[in-house]
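Participant: work-v4.cif (mmCIF, C-alpha atoms) pasted underneath:
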```cif
data_query
#
loop_
_atom_site.label_atom_id
_atom_site.label_comp_id
_atom_site.auth_asym_id
_atom_site.auth_seq_id
_atom_site.Cartn_x
_atom_site.Cartn_y
_atom_site.Cartn_z
CA GLU A 1 -0.63 6.17 20.18
CA THR A 2 0.83 3.40 18.11
CA GLY A 3 1.36 2.77 14.41
CA VAL A 4 0.95 5.37 11.69
CA THR A 5 -1.52 8.21 12.16
CA GLN A 6 -2.77 10.45 9.36
CA THR A 7 -4.74 13.69 9.64
CA PRO A 8 -7.13 14.82 8.44
CA ARG A 9 -9.02 11.67 7.45
CA HIS A 10 -11.17 13.61 5.01
CA LEU A 11 -10.46 16.86 3.19
CA VAL A 12 -12.46 18.83 0.64
CA MET A 13 -10.72 21.72 -1.05
CA GLY A 14 -11.16 24.05 -3.96
CA MET A 15 -8.65 24.30 -6.74
CA THR A 16 -7.21 27.54 -5.35
CA ASN A 17 -6.86 26.41 -1.72
CA LYS A 18 -3.68 25.49 0.11
CA LYS A 19 -3.87 22.64 2.60
CA SER A 20 -1.55 20.09 4.19
CA LEU A 21 -1.76 16.42 5.06
CA LYS A 22 0.07 15.21 8.15
CA CYS A 23 1.51 11.81 8.99
CA GLU A 24 3.12 10.66 12.21
CA GLN A 25 4.62 7.26 12.96
CA HIS A 26 5.29 5.82 16.41
CA LEU A 27 7.18 2.73 15.25
CA GLY A 28 10.73 4.02 15.42
CA HIS A 29 11.11 3.62 11.65
CA ASN A 30 13.54 5.57 9.51
CA ALA A 31 11.72 5.62 6.17
CA MET A 32 8.42 7.29 5.34
CA TYR A 33 6.40 7.24 2.14
CA TRP A 34 3.51 9.00 0.42
CA TYR A 35 1.32 6.91 -1.88
CA LYS A 36 -1.70 7.91 -3.97
CA GLN A 37 -4.53 5.41 -4.35
CA SER A 38 -7.14 5.94 -7.05
CA ALA A 39 -9.98 3.62 -7.96
CA LYS A 40 -9.01 0.68 -10.18
CA LYS A 41 -5.32 1.65 -10.13
CA PRO A 42 -2.31 0.24 -8.29
CA LEU A 43 -0.88 2.13 -5.37
CA GLU A 44 1.17 4.94 -6.90
CA LEU A 45 4.38 5.87 -5.10
CA MET A 46 4.86 9.63 -4.77
CA PHE A 47 7.74 10.33 -2.40
CA VAL A 48 10.15 8.44 -0.16
CA TYR A 49 12.19 9.82 2.73
CA ASN A 50 14.95 7.78 4.32
CA PHE A 51 16.54 9.22 7.46
CA LYS A 52 14.83 12.58 6.65
CA GLU A 53 16.40 12.74 3.18
CA GLN A 54 14.21 12.51 0.10
CA THR A 55 15.33 9.50 -1.91
CA GLU A 56 12.48 9.12 -4.39
CA ASN A 57 10.33 11.63 -6.24
CA ASN A 58 8.22 9.68 -8.69
CA SER A 59 7.73 12.52 -11.20
CA VAL A 60 5.09 14.11 -8.99
CA PRO A 61 3.70 17.51 -10.10
CA SER A 62 5.04 20.48 -8.14
CA ARG A 63 1.57 21.25 -6.75
CA PHE A 64 2.42 18.45 -4.28
CA SER A 65 5.24 19.43 -1.93
CA PRO A 66 6.51 17.01 0.73
CA GLU A 67 8.24 17.92 3.97
CA CYS A 68 9.96 15.61 6.44
CA PRO A 69 11.21 17.53 9.49
CA ASN A 70 12.25 14.35 11.33
CA SER A 71 11.97 10.58 10.98
CA SER A 72 8.60 10.51 12.75
CA HIS A 73 6.73 13.20 10.84
CA LEU A 74 5.84 13.64 7.19
CA PHE A 75 3.74 16.31 5.54
CA LEU A 76 2.26 16.71 2.09
CA HIS A 77 1.56 20.34 1.20
CA LEU A 78 -1.12 20.83 -1.43
CA HIS A 79 -1.77 23.89 -3.59
CA THR A 80 -3.68 24.66 -6.79
CA LEU A 81 -4.78 21.05 -7.15
CA GLN A 82 -6.85 19.65 -9.98
CA PRO A 83 -10.03 17.54 -9.71
CA GLU A 84 -8.07 14.51 -10.94
CA ASP A 85 -5.97 14.76 -7.80
CA SER A 86 -8.96 13.53 -5.80
CA ALA A 87 -7.87 10.23 -4.26
CA LEU A 88 -6.90 8.46 -1.05
CA TYR A 89 -3.44 9.57 0.07
CA LEU A 90 -1.66 6.99 2.13
CA CYS A 91 1.34 7.47 4.35
CA ALA A 92 3.54 4.50 5.21
CA SER A 93 6.69 3.78 7.14
CA SER A 94 9.30 1.04 7.21
CA GLN A 95 12.49 0.30 9.08
CA ASP A 96 14.39 1.90 6.23
CA SER A 97 13.87 2.15 2.48
CA GLY A 98 16.80 -0.04 1.50
CA SER A 99 16.09 -3.33 3.19
CA THR A 100 12.49 -4.32 3.71
CA GLY A 101 9.32 -4.14 1.66
CA GLU A 102 7.18 -4.51 4.75
CA LEU A 103 5.35 -1.22 4.92
CA PHE A 104 3.11 -0.03 7.71
CA PHE A 105 0.32 2.18 6.41
CA GLY A 106 -1.85 4.82 7.99
CA GLU A 107 -5.59 4.86 7.38
CA GLY A 108 -5.25 7.49 4.68
CA SER A 109 -6.54 10.96 3.95
CA ARG A 110 -9.45 11.04 1.51
CA LEU A 111 -9.01 14.15 -0.62
CA THR A 112 -11.74 15.65 -2.79
CA VAL A 113 -10.83 18.57 -5.07
CA LEU A 114 -13.80 20.57 -6.32
CA GLU B 1 10.21 -2.70 -15.69
CA ASP B 2 8.77 -4.60 -12.75
CA GLN B 3 5.18 -5.75 -13.27
CA VAL B 4 2.61 -7.22 -10.93
CA THR B 5 -0.70 -8.60 -12.19
CA GLN B 6 -3.41 -9.80 -9.86
CA SER B 7 -6.39 -11.94 -10.79
CA PRO B 8 -9.25 -12.09 -10.59
CA GLU B 9 -10.08 -8.40 -10.20
CA ALA B 10 -13.07 -9.32 -8.04
CA LEU B 11 -14.22 -12.55 -6.42
CA ARG B 12 -17.47 -13.41 -4.69
CA LEU B 13 -17.59 -16.50 -2.49
CA GLN B 14 -20.10 -18.14 -0.23
CA GLU B 15 -19.03 -18.60 3.36
CA GLY B 16 -17.00 -21.81 3.55
CA GLU B 17 -16.22 -21.88 -0.19
CA SER B 18 -12.42 -22.11 -0.51
CA SER B 19 -10.59 -20.39 -3.36
CA SER B 20 -7.30 -18.82 -4.42
CA LEU B 21 -6.13 -15.40 -5.52
CA ASN B 22 -3.29 -15.09 -8.00
CA CYS B 23 -0.37 -12.67 -8.23
CA SER B 24 1.90 -13.07 -11.23
CA TYR B 25 5.04 -10.99 -11.45
CA THR B 26 7.89 -10.00 -13.70
CA VAL B 27 10.94 -8.71 -11.92
CA SER B 28 14.67 -8.77 -12.52
CA GLY B 29 15.52 -10.80 -9.46
CA LEU B 30 13.01 -11.17 -6.64
CA ARG B 31 14.02 -9.84 -3.24
CA GLY B 32 10.61 -10.33 -1.67
CA LEU B 33 6.89 -10.70 -2.41
CA PHE B 34 4.36 -9.22 -0.03
CA TRP B 35 0.65 -9.68 0.59
CA TYR B 36 -1.48 -6.99 2.17
CA ARG B 37 -5.13 -6.78 3.17
CA GLN B 38 -7.05 -3.52 2.75
CA ASP B 39 -10.46 -2.90 4.28
CA PRO B 40 -12.69 -0.19 2.77
CA GLY B 41 -11.64 3.31 3.80
CA LYS B 42 -8.47 2.09 5.51
CA GLY B 43 -4.82 1.66 4.68
CA PRO B 44 -3.32 -1.70 3.67
CA GLU B 45 -2.34 -4.07 6.46
CA PHE B 46 0.73 -6.27 6.01
CA LEU B 47 0.04 -10.03 5.95
CA PHE B 48 3.02 -12.02 4.62
CA THR B 49 6.48 -11.84 3.10
CA LEU B 50 7.76 -14.61 0.82
CA TYR B 51 11.37 -14.69 -0.31
CA SER B 52 11.99 -17.80 -2.40
CA ALA B 53 10.16 -20.31 -4.58
CA GLY B 54 8.58 -23.08 -2.57
CA GLU B 55 8.11 -20.96 0.51
CA GLU B 56 4.72 -20.94 2.25
CA LYS B 57 3.29 -18.80 5.03
CA GLU B 58 0.02 -19.29 6.93
CA LYS B 59 -2.20 -17.12 9.07
CA GLU B 60 -5.58 -18.37 10.21
CA ARG B 61 -7.56 -19.19 7.03
CA LEU B 62 -4.93 -17.69 4.70
CA LYS B 63 -1.96 -19.45 3.14
CA ALA B 64 0.46 -17.77 0.76
CA THR B 65 2.67 -19.73 -1.63
CA LEU B 66 5.38 -18.67 -4.07
CA THR B 67 6.79 -19.98 -7.34
CA LYS B 68 9.32 -18.36 -9.67
CA LYS B 69 6.56 -16.60 -11.60
CA GLU B 70 3.59 -16.21 -9.30
CA SER B 71 2.16 -16.32 -5.83
CA PHE B 72 -1.16 -17.64 -4.62
CA LEU B 73 -3.17 -16.59 -1.63
CA HIS B 74 -5.32 -19.56 -0.67
CA ILE B 75 -8.38 -18.86 1.45
CA THR B 76 -9.77 -21.92 3.22
CA ALA B 77 -13.39 -21.92 4.43
CA PRO B 78 -13.65 -18.12 4.27
CA LYS B 79 -15.88 -16.10 6.58
CA PRO B 80 -17.61 -12.76 5.85
CA GLU B 81 -14.93 -10.98 7.88
CA ASP B 82 -12.37 -12.05 5.28
CA SER B 83 -14.04 -9.67 2.83
CA ALA B 84 -11.45 -7.08 1.79
CA THR B 85 -9.15 -6.13 -1.05
CA TYR B 86 -5.96 -8.19 -1.12
CA LEU B 87 -2.87 -6.49 -2.54
CA CYS B 88 0.31 -8.11 -3.79
CA ALA B 89 3.63 -6.27 -4.06
CA VAL B 90 7.09 -7.30 -5.24
CA GLN B 91 10.48 -5.96 -4.32
CA ALA B 92 13.31 -6.34 -6.82
CA SER B 93 16.82 -7.25 -5.80
CA GLY B 94 18.45 -4.61 -7.99
CA GLY B 95 17.96 -0.86 -8.23
CA SER B 96 15.26 0.70 -6.06
CA TYR B 97 14.03 -1.52 -3.25
CA ILE B 98 10.64 0.19 -3.21
CA PRO B 99 7.86 -2.41 -3.68
CA THR B 100 5.70 -2.37 -6.81
CA PHE B 101 2.02 -3.03 -6.12
CA GLY B 102 -0.64 -4.81 -8.15
CA ARG B 103 -4.19 -3.50 -8.52
CA GLY B 104 -5.57 -5.92 -5.97
CA THR B 105 -8.36 -8.49 -5.80
CA SER B 106 -11.60 -7.42 -4.18
CA LEU B 107 -13.00 -10.36 -2.21
CA ILE B 108 -16.57 -10.52 -0.94
CA VAL B 109 -17.66 -13.45 1.19
CA HIS B 110 -21.41 -13.85 1.55
CA PRO B 111 -22.87 -15.42 4.70
#
```
If you took the structure in this file and wrote it as structure tokens, what would it be?
Facilitator:
Amino acid sequence: ETGVTQTPRHLVMGMTNKKSLKCEQHLGHNAMYWYKQSAKKPLELMFVYNFKEQTENNSVPSRFSPECPNSSHLFLHLHTLQPEDSALYLCASSQDSGSTGELFFGEGSRLTVL
Amino acid sequence: EDQVTQSPEALRLQEGESSSLNCSYTVSGLRGLFWYRQDPGKGPEFLFTLYSAGEEKEKERLKATLTKKESFLHITAPKPEDSATYLCAVQASGGSYIPTFGRGTSLIVHP
């Protein structure tokens, strides 16, 4: 596989469920990102990992918990979400977070919270 | 605070009808400006990077230009397959290098 792969592509969960989103990149990059995309809003940065270390946490509620076990994998653990958290969650990677703004995105995980 | 404003919000064109999308920005020192294309239900796909005023980049029917305050994405003789949302992002030269995105322009090209 090549590029950035996200699973699952679609997820429906209740407010009391716990689920996880997974992202894997095959580009040899050192930085990985989680973005939230809601209708009519700009892409909203959530978290950045550079060489497995979290370098940005954009005031994200604690019901979202990221995990980056290595430079190729990124997870977003979800628990006790709210309906307003329904959105497209995009994972991206880049060579590193300090040099380039050229991001490579996955196809996203469409999350619906009931 | 870095700001990126894209206009128009939506644009409908007939096939072959050339037009331009605008991205105006406010940033304390521009490191780079980026254009992305996003198809429905998919992640954004990188198109161009522009670094300095006067720079231009081309790819098929798309040409991106940059001034000190804004960037244009010119679409020449568009085809229906050019229909997508086009996103602009800017990267500042100081502080965090994480790009700031605009809301995008939704382009529909009718056959």
Participant: Take CA of Glu17 (chain B) and CA of Phe101 (chain B) and report the distance between them in Å, one decimal.
Facilitator: 26.9 Å
Participant: Take every atom of region 65-68 of chain A listed in the file, pad by 4 Å on each side, and give me the axis-aligned box centre and edge lengths in Å, one decimal, as JSON.
Facilitator:
```
{"center_x": 7.6, "center_y": 17.5, "center_z": 2.3, "size_x": 12.7, "size_y": 11.8, "size_z": 16.4}
```
Participant: Taking the file above as input, evaluate the PyMOL selection byres ((chain A) within 9 of (chain B)) and report the hits as a list in words.
Facilitator: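 Expected selection for the PyMOL selection byres ((chain A) within 9 of (chain B)) here is Lys40, Lys41, Pro42, Leu43, Glu44, Leu45, Val48, Leu88, Leu90, Cys91, Ala92, Ser97, Gly98, Ser99, Thr100, Gly101, Glu102, Leu103, Phe104, Phe105, Gly106, Glu107, Gly108 and Arg110 of chain A.
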Participant: Skipping near chain neighbours, those fewer than 6 positions away, what residues fall within 7 Å of Ser19 (chain B) using only C-alpha atoms, listed as a ChimeraX atom specification?
Facilitator: /B:74-76
Participant: Select, counting all atoms listed in the file, all protein, DNA and RNA residues no farther than 6 Å from (-3.5, 10.5, 7.9) in file coordinates, and express the selection as a list of chain:residue names.
Facilitator: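 Every polymer residue passing the test: A:Thr5, A:Gln6, A:Thr7, A:Pro8, A:Arg9, A:Lys22, A:Cys23, A:Gly106, A:Gly108, A:Ser109.
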Participant: Could you tell me which of A:Lys36, A:His73, A:Arg63, A:Gln25 comes closest to Ala87 (chain A) if we count only C-alpha atoms?
Facilitator: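 That would be A:Lys36, the residue with the smallest distance to Ala87 (chain A).
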Participant: So how far away is CA of Lys59 (chain B) from CA of Ser38 (chain A), in Å?
Facilitator: 28.6 Å
Participant: Have a look at CA of Glu24 (chain A) and CA of Lys52 (chain A) and let me know their distance in Å, one decimal.
Facilitator: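 These atoms are spaced 13.1 Å apart.
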Participant: Can you tell me, as an mmCIF file with C-alpha atoms, in the coordinates of the input, what residues are no more than 6 Å from Phe75 (chain A) when counting all atoms listed in the file, ignoring any on the same chain fewer than 2 positions away?
Facilitator:
```cif
data_model
loop_
_atom_site.group_PDB
_atom_site.id
_atom_site.type_symbol
_atom_site.label_atom_id
_atom_site.label_comp_id
_atom_site.auth_asym_id
_atom_site.auth_seq_id
_atom_site.Cartn_x
_atom_site.Cartn_y
_atom_site.Cartn_z
ATOM 1 C CA LEU A 21 -1.760 16.420 5.060
ATOM 2 C CA LYS A 22 0.070 15.210 8.150
ATOM 3 C CA PRO A 66 6.510 17.010 0.730
ATOM 4 C CA GLU A 67 8.240 17.920 3.970
#
```
Participant: Any chance you could work out the residue set of the PyMOL selection byres ((chain A and resi 94) around 6) here, as a ChimeraX atom specification?
Facilitator: /A:29,31,93,95-96,103
Participant: Please write as a compact mmCIF listing (two decimals) with C-alpha atoms, keeping the file's coordinate frame the list of polymer residues whose atoms come within 12 Å of (-0.8, -18.7, -6.8), counting all atoms listed in the file and keeping to the coordinates of the file.
Facilitator:
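Below is the file that was written, result23.txt:
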```txt
# COMPACT_ATOMS: atom_id res chain seq x y z
CA THR B 5 -0.70 -8.60 -12.19
CA GLN B 6 -3.41 -9.80 -9.86
CA SER B 7 -6.39 -11.94 -10.79
CA PRO B 8 -9.25 -12.09 -10.59
CA SER B 19 -10.59 -20.39 -3.36
CA SER B 20 -7.30 -18.82 -4.42
CA LEU B 21 -6.13 -15.40 -5.52
CA ASN B 22 -3.29 -15.09 -8.00
CA CYS B 23 -0.37 -12.67 -8.23
CA SER B 24 1.90 -13.07 -11.23
CA TYR B 25 5.04 -10.99 -11.45
CA LEU B 33 6.89 -10.70 -2.41
CA TRP B 35 0.65 -9.68 0.59
CA ALA B 53 10.16 -20.31 -4.58
CA GLY B 54 8.58 -23.08 -2.57
CA GLU B 55 8.11 -20.96 0.51
CA GLU B 56 4.72 -20.94 2.25
CA LYS B 63 -1.96 -19.45 3.14
CA ALA B 64 0.46 -17.77 0.76
CA THR B 65 2.67 -19.73 -1.63
CA LEU B 66 5.38 -18.67 -4.07
CA THR B 67 6.79 -19.98 -7.34
CA LYS B 68 9.32 -18.36 -9.67
CA LYS B 69 6.56 -16.60 -11.60
CA GLU B 70 3.59 -16.21 -9.30
CA SER B 71 2.16 -16.32 -5.83
CA PHE B 72 -1.16 -17.64 -4.62
CA LEU B 73 -3.17 -16.59 -1.63
CA HIS B 74 -5.32 -19.56 -0.67
CA ILE B 75 -8.38 -18.86 1.45
CA CYS B 88 0.31 -8.11 -3.79
```
Participant: Evaluate the PyMOL selection byres ((chain B and resi 83) around 7) on the structure here and hand back the selected residues as a ChimeraX atom specification.
Facilitator: /B:80-82,84,107-109
Participant: With distances taken over all atoms listed in the file, which of A:Val4, A:Leu81, A:Val60, A:Cys68 is nearest to Leu27 (chain A)?
Facilitator: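 Result for the nearest residue to Leu27 (chain A): A:Val4.
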Participant: Which of these residues is nearest to Lys19 (chain A), using all atoms listed in the file: A:Tyr89, A:Phe64, A:Pro83, A:Leu74?
Facilitator: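 Using all atoms listed in the file, the shortest distance to Lys19 (chain A) belongs to A:Phe64.
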Participant: Can you pull out every residue within 8 Å of Thr80 (chain A), counting only C-alpha atoms, but drop anything in the same chain fewer than 5 positions away, and send it as a VMD selection string?
Facilitator: chain A and resid 15 to 18 63
Participant: Given only C-alpha atoms as the basis, pick out the residue of B:Glu58, B:Tyr51, B:Ala77, B:Ser106 nearest to Glu15 (chain B).
Facilitator: B:Ala77
Participant: Provide region 12-23 of chain B rebuilt to all heavy atoms, formatted as a PDB file, in the coordinates of the input.
Facilitator:
```
ATOM      1  N   ARG B  12     -16.373 -13.258  -5.651  1.00  0.00           N
ATOM      2  CA  ARG B  12     -17.470 -13.410  -4.690  1.00  0.00           C
ATOM      3  C   ARG B  12     -17.540 -14.875  -4.293  1.00  0.00           C
ATOM      4  O   ARG B  12     -17.596 -15.755  -5.158  1.00  0.00           O
ATOM      5  CB  ARG B  12     -18.797 -12.974  -5.303  1.00  0.00           C
ATOM      6  CG  ARG B  12     -18.895 -11.494  -5.571  1.00  0.00           C
ATOM      7  CD  ARG B  12     -20.233 -11.136  -6.235  1.00  0.00           C
ATOM      8  NE  ARG B  12     -20.325  -9.705  -6.495  1.00  0.00           N
ATOM      9  CZ  ARG B  12     -20.842  -8.828  -5.651  1.00  0.00           C
ATOM     10  NH1 ARG B  12     -21.323  -9.243  -4.482  1.00  0.00           N
ATOM     11  NH2 ARG B  12     -20.880  -7.548  -5.950  1.00  0.00           N
ATOM     12  N   LEU B  13     -17.535 -15.151  -3.009  1.00  0.00           N
ATOM     13  CA  LEU B  13     -17.590 -16.500  -2.490  1.00  0.00           C
ATOM     14  C   LEU B  13     -18.713 -16.626  -1.473  1.00  0.00           C
ATOM     15  O   LEU B  13     -19.086 -15.648  -0.817  1.00  0.00           O
ATOM     16  CB  LEU B  13     -16.263 -16.876  -1.816  1.00  0.00           C
ATOM     17  CG  LEU B  13     -14.998 -16.855  -2.671  1.00  0.00           C
ATOM     18  CD1 LEU B  13     -13.775 -17.096  -1.789  1.00  0.00           C
ATOM     19  CD2 LEU B  13     -15.078 -17.901  -3.775  1.00  0.00           C
ATOM     20  N   GLN B  14     -19.203 -17.842  -1.331  1.00  0.00           N
ATOM     21  CA  GLN B  14     -20.100 -18.140  -0.230  1.00  0.00           C
ATOM     22  C   GLN B  14     -19.244 -18.511   0.977  1.00  0.00           C
ATOM     23  O   GLN B  14     -18.142 -19.054   0.841  1.00  0.00           O
ATOM     24  CB  GLN B  14     -21.042 -19.288  -0.587  1.00  0.00           C
ATOM     25  CG  GLN B  14     -22.117 -18.940  -1.592  1.00  0.00           C
ATOM     26  CD  GLN B  14     -23.062 -17.868  -1.076  1.00  0.00           C
ATOM     27  OE1 GLN B  14     -23.287 -16.847  -1.704  1.00  0.00           O
ATOM     28  NE2 GLN B  14     -23.618 -18.115   0.111  1.00  0.00           N
ATOM     29  N   GLU B  15     -19.739 -18.224   2.139  1.00  0.00           N
ATOM     30  CA  GLU B  15     -19.030 -18.600   3.360  1.00  0.00           C
ATOM     31  C   GLU B  15     -18.696 -20.092   3.300  1.00  0.00           C
ATOM     32  O   GLU B  15     -19.561 -20.928   3.009  1.00  0.00           O
ATOM     33  CB  GLU B  15     -19.883 -18.294   4.580  1.00  0.00           C
ATOM     34  CG  GLU B  15     -19.187 -18.546   5.898  1.00  0.00           C
ATOM     35  CD  GLU B  15     -19.993 -18.028   7.079  1.00  0.00           C
ATOM     36  OE1 GLU B  15     -21.097 -17.501   6.874  1.00  0.00           O
ATOM     37  OE2 GLU B  15     -19.501 -18.160   8.211  1.00  0.00           O
ATOM     38  N   GLY B  16     -17.430 -20.420   3.580  1.00  0.00           N
ATOM     39  CA  GLY B  16     -17.000 -21.810   3.550  1.00  0.00           C
ATOM     40  C   GLY B  16     -16.488 -22.295   2.205  1.00  0.00           C
ATOM     41  O   GLY B  16     -15.932 -23.397   2.116  1.00  0.00           O
ATOM     42  N   GLU B  17     -16.642 -21.487   1.159  1.00  0.00           N
ATOM     43  CA  GLU B  17     -16.220 -21.880  -0.190  1.00  0.00           C
ATOM     44  C   GLU B  17     -14.764 -21.465  -0.405  1.00  0.00           C
ATOM     45  O   GLU B  17     -14.452 -20.303  -0.636  1.00  0.00           O
ATOM     46  CB  GLU B  17     -17.117 -21.216  -1.234  1.00  0.00           C
ATOM     47  CG  GLU B  17     -16.755 -21.544  -2.666  1.00  0.00           C
ATOM     48  CD  GLU B  17     -17.578 -20.736  -3.666  1.00  0.00           C
ATOM     49  OE1 GLU B  17     -18.409 -19.907  -3.235  1.00  0.00           O
ATOM     50  OE2 GLU B  17     -17.361 -20.934  -4.877  1.00  0.00           O
ATOM     51  N   SER B  18     -13.858 -22.408  -0.381  1.00  0.00           N
ATOM     52  CA  SER B  18     -12.420 -22.110  -0.510  1.00  0.00           C
ATOM     53  C   SER B  18     -12.063 -21.693  -1.925  1.00  0.00           C
ATOM     54  O   SER B  18     -12.694 -22.135  -2.896  1.00  0.00           O
ATOM     55  CB  SER B  18     -11.600 -23.343  -0.105  1.00  0.00           C
ATOM     56  OG  SER B  18     -11.894 -23.715   1.230  1.00  0.00           O
ATOM     57  N   SER B  19     -11.039 -20.856  -2.051  1.00  0.00           N
ATOM     58  CA  SER B  19     -10.590 -20.390  -3.360  1.00  0.00           C
ATOM     59  C   SER B  19      -9.182 -19.837  -3.251  1.00  0.00           C
ATOM     60  O   SER B  19      -8.579 -19.847  -2.161  1.00  0.00           O
ATOM     61  CB  SER B  19     -11.550 -19.332  -3.892  1.00  0.00           C
ATOM     62  OG  SER B  19     -11.252 -19.004  -5.243  1.00  0.00           O
ATOM     63  N   SER B  20      -8.663 -19.371  -4.384  1.00  0.00           N
ATOM     64  CA  SER B  20      -7.300 -18.820  -4.420  1.00  0.00           C
ATOM     65  C   SER B  20      -7.256 -17.541  -5.224  1.00  0.00           C
ATOM     66  O   SER B  20      -7.968 -17.396  -6.225  1.00  0.00           O
ATOM     67  CB  SER B  20      -6.333 -19.834  -5.056  1.00  0.00           C
ATOM     68  OG  SER B  20      -6.254 -21.008  -4.292  1.00  0.00           O
ATOM     69  N   LEU B  21      -6.414 -16.621  -4.782  1.00  0.00           N
ATOM     70  CA  LEU B  21      -6.130 -15.400  -5.520  1.00  0.00           C
ATOM     71  C   LEU B  21      -4.729 -15.525  -6.109  1.00  0.00           C
ATOM     72  O   LEU B  21      -3.837 -16.107  -5.486  1.00  0.00           O
ATOM     73  CB  LEU B  21      -6.169 -14.181  -4.581  1.00  0.00           C
ATOM     74  CG  LEU B  21      -7.349 -14.053  -3.625  1.00  0.00           C
ATOM     75  CD1 LEU B  21      -7.238 -12.764  -2.834  1.00  0.00           C
ATOM     76  CD2 LEU B  21      -8.654 -14.140  -4.358  1.00  0.00           C
ATOM     77  N   ASN B  22      -4.560 -14.955  -7.308  1.00  0.00           N
ATOM     78  CA  ASN B  22      -3.290 -15.090  -8.000  1.00  0.00           C
ATOM     79  C   ASN B  22      -2.555 -13.765  -8.115  1.00  0.00           C
ATOM     80  O   ASN B  22      -3.164 -12.713  -8.307  1.00  0.00           O
ATOM     81  CB  ASN B  22      -3.525 -15.661  -9.405  1.00  0.00           C
ATOM     82  CG  ASN B  22      -2.244 -15.770 -10.213  1.00  0.00           C
ATOM     83  OD1 ASN B  22      -1.904 -14.876 -10.980  1.00  0.00           O
ATOM     84  ND2 ASN B  22      -1.523 -16.853 -10.008  1.00  0.00           N
ATOM     85  N   CYS B  23      -1.237 -13.825  -8.001  1.00  0.00           N
ATOM     86  CA  CYS B  23      -0.370 -12.670  -8.230  1.00  0.00           C
ATOM     87  C   CYS B  23       0.783 -13.128  -9.105  1.00  0.00           C
ATOM     88  O   CYS B  23       1.645 -13.890  -8.640  1.00  0.00           O
ATOM     89  CB  CYS B  23       0.146 -12.117  -6.902  1.00  0.00           C
ATOM     90  SG  CYS B  23       1.399 -10.825  -7.085  1.00  0.00           S
TER      91      CYS B  23
END
```
